[in-house]
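Peer 1: Below you will find the structure I want to go over with you.
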Amino acid sequence: MSWLGAGIGAGIGMMFGGPIGAALGAWVGSSFGSGLKRMAEAGIPLNRDGAQTVFIVALFSMLAKMAKADGQVSKAEIRLIEDFIKHNLRLSGEDREQAIKIFQNAKTDSYSIYDYAEQYRQLIRNQAMREMVYRLLFAVAFADGELHPAEEQILRRIPASLGLHESIFSAMYNEFTRGGAAPASAGSLQAHYDVLGCSPDVSDRELKLAYRRKAGEFHPDKIAAKGLPEEFMRHAEDQMKSITVAYDTIVAARKREAAVS
């Protein structure tokens with residue numbers, strides 16, 4: 001079943017306003033009211049089909065904004081997005097056409113990437129799903145082999161709109177520029193704190209809470225409940241490994257420090 005079609009079939013379409021509602025409206029050829037905002041403010045969660053639809057619409061709209069940030073959408077960026085559609089989301093036929101239409105419409109609509117990010121944060125409470133969008137924005141920015149100043153500005157600013165800790169920029173930048181390798185020196189113990197989304201001055205108790213919170217967001221059961229593709233499950237598993245390594249490394253470093261002092 002079409003992800004977007006399932007979301008509309010679940011009755012979420014009539015609740016949508018804002019940039020995501022406008023994107024859906026462009027797709028189905030109608031306009032939606034502002035019920036979505038009231039729904040978010042009331043803390044009413046979307047169902048699984050609704051979450052999938054919001055994910056797809058917000059993702060491709062933000063990818064379009066990022067791809068165009070340096071003035072033009074490059075062939076490398078187009079290839080990356082098409083590869084993601086085919087191999088990660090495994091969209092085909094009608095789903096693929098819908099995703100591309102949303103992407104094309106978002107390139108010229110009046111909303112900013114931050115407008116989409118803000119509404120996505122309000123609707124999707126699961127941090128893992130918000131981090132996945134941020135990771136894909138990073139991938140598009142690096143698709144042509146360099147990080148344009150306009151792209152960097154977005155990547156530094158948008159975590160606040162997505163409800164992510166500002167340290168995620170450093171964590172993601174280290175991963176993309178070092179090919180995902182773990183920091184060689186620990187001059188970069190800071191990188192492990194960035195993975196956990198906390199600072200070196202947190203207490204041991206706060207560190208453990210940060211670890212549990214982060215691990216909870218990427219627990220396979222939580223990701224599976226969102227109905228995301230298998231590839232995202234693998235992403236969640238990789239993140240869990242990084243989170244565990246970061247926590248264990250910091251704890252070991254603190255124990256060494258305490259033994260010396």
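Residue names in the structure tokens use chain letters A, B, ... in the order shown, residue numbers from 1 in each chain, and ligand numbers from 1 in the order shown.
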Pick out the residues sitting within 12 Å of Asp248 in chain A, and hand them over as a ChimeraX atom specification; count only C-alpha atoms, and ignore anything fewer than 4 positions along from it in its own chain.
Peer 2: /A:189,192-193,196,207-208,211,241-244,252-255
Peer 1: Looking only at alpha helix (DSSP H) from DSSP on the backbone, list the matching residues of range 55-257 of chain A as a PyMOL selection string.
Peer 2: chain A and resi 55-67+75-83+94-108+113-123+127-141+149-162+168-177+189-196+204-217+220-225+230-257
Peer 1: Taking a cut-off of 9 Å and counting only C-alpha atoms, can you build a table that, for each residue of range 111-175 of chain A near range 69-85 of chain A, reports the nearest atom pair and how far apart they are in Å (one decimal), sorted by chain then residue number, as a tab-separated table?
Peer 2:
residue	atom	partner	partner_atom	distance
A:Ala139	CA	A:Leu80	CA	8.1
A:Val140	CA	A:Glu77	CA	5.7
A:Ala141	CA	A:Glu77	CA	7.9
A:Phe142	CA	A:Glu77	CA	8.6
A:Ala143	CA	A:Glu77	CA	5.5
A:Asp144	CA	A:Ala76	CA	5.6
A:Gly145	CA	A:Ala76	CA	9.0
A:His148	CA	A:Asp70	CA	6.4
A:Pro149	CA	A:Asp70	CA	7.9
A:Ala150	CA	A:Asp70	CA	5.9
A:Glu151	CA	A:Ala69	CA	5.9
A:Ile154	CA	A:Ala69	CA	8.4
Peer 1: Can those selected residues be exported to a file as an mmCIF file, in the first residue's frame so that it contains N, CA and C atoms?
Peer 2:
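Result file is out14.cif:
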data_model
loop_
_atom_site.group_PDB
_atom_site.id
_atom_site.type_symbol
_atom_site.label_atom_id
_atom_site.label_comp_id
_atom_site.auth_asym_id
_atom_site.auth_seq_id
_atom_site.Cartn_x
_atom_site.Cartn_y
_atom_site.Cartn_z
ATOM 1 N N ALA A 139 23.734 13.944 4.362
ATOM 2 C CA ALA A 139 24.160 13.163 3.203
ATOM 3 C C ALA A 139 23.989 13.953 1.907
ATOM 4 N N VAL A 140 22.871 14.673 1.783
ATOM 5 C CA VAL A 140 22.643 15.483 0.588
ATOM 6 C C VAL A 140 23.657 16.621 0.514
ATOM 7 N N ALA A 141 23.940 17.246 1.666
ATOM 8 C CA ALA A 141 24.903 18.350 1.689
ATOM 9 C C ALA A 141 26.289 17.889 1.248
ATOM 10 N N PHE A 142 26.662 16.653 1.598
ATOM 11 C CA PHE A 142 27.992 16.132 1.261
ATOM 12 C C PHE A 142 28.006 15.359 -0.060
ATOM 13 N N ALA A 143 26.866 15.300 -0.757
ATOM 14 C CA ALA A 143 26.769 14.477 -1.965
ATOM 15 C C ALA A 143 27.765 14.874 -3.043
ATOM 16 N N ASP A 144 28.063 16.172 -3.137
ATOM 17 C CA ASP A 144 28.991 16.631 -4.177
ATOM 18 C C ASP A 144 30.432 16.717 -3.671
ATOM 19 N N GLY A 145 30.679 16.179 -2.488
ATOM 20 C CA GLY A 145 32.048 16.116 -1.971
ATOM 21 C C GLY A 145 32.508 17.319 -1.187
ATOM 22 N N HIS A 148 28.986 23.297 1.264
ATOM 23 C CA HIS A 148 28.825 24.700 0.898
ATOM 24 C C HIS A 148 28.443 25.500 2.148
ATOM 25 N N PRO A 149 28.933 26.752 2.265
ATOM 26 C CA PRO A 149 28.598 27.576 3.443
ATOM 27 C C PRO A 149 27.104 27.668 3.732
ATOM 28 N N ALA A 150 26.284 27.769 2.688
ATOM 29 C CA ALA A 150 24.835 27.854 2.903
ATOM 30 C C ALA A 150 24.294 26.553 3.483
ATOM 31 N N GLU A 151 24.867 25.430 3.041
ATOM 32 C CA GLU A 151 24.448 24.126 3.566
ATOM 33 C C GLU A 151 24.896 23.972 5.019
ATOM 34 N N ILE A 154 22.607 25.790 7.390
ATOM 35 C CA ILE A 154 21.373 25.054 7.663
ATOM 36 C C ILE A 154 21.635 23.929 8.658
#
Peer 1: Using only C-alpha atoms, pick whichever of A:Gln98, A:Tyr134, A:Lys107, A:Arg90 has the shortest atom-to-atom distance to Leu59 in chain A.
Peer 2: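 Closest candidate: A:Tyr134.
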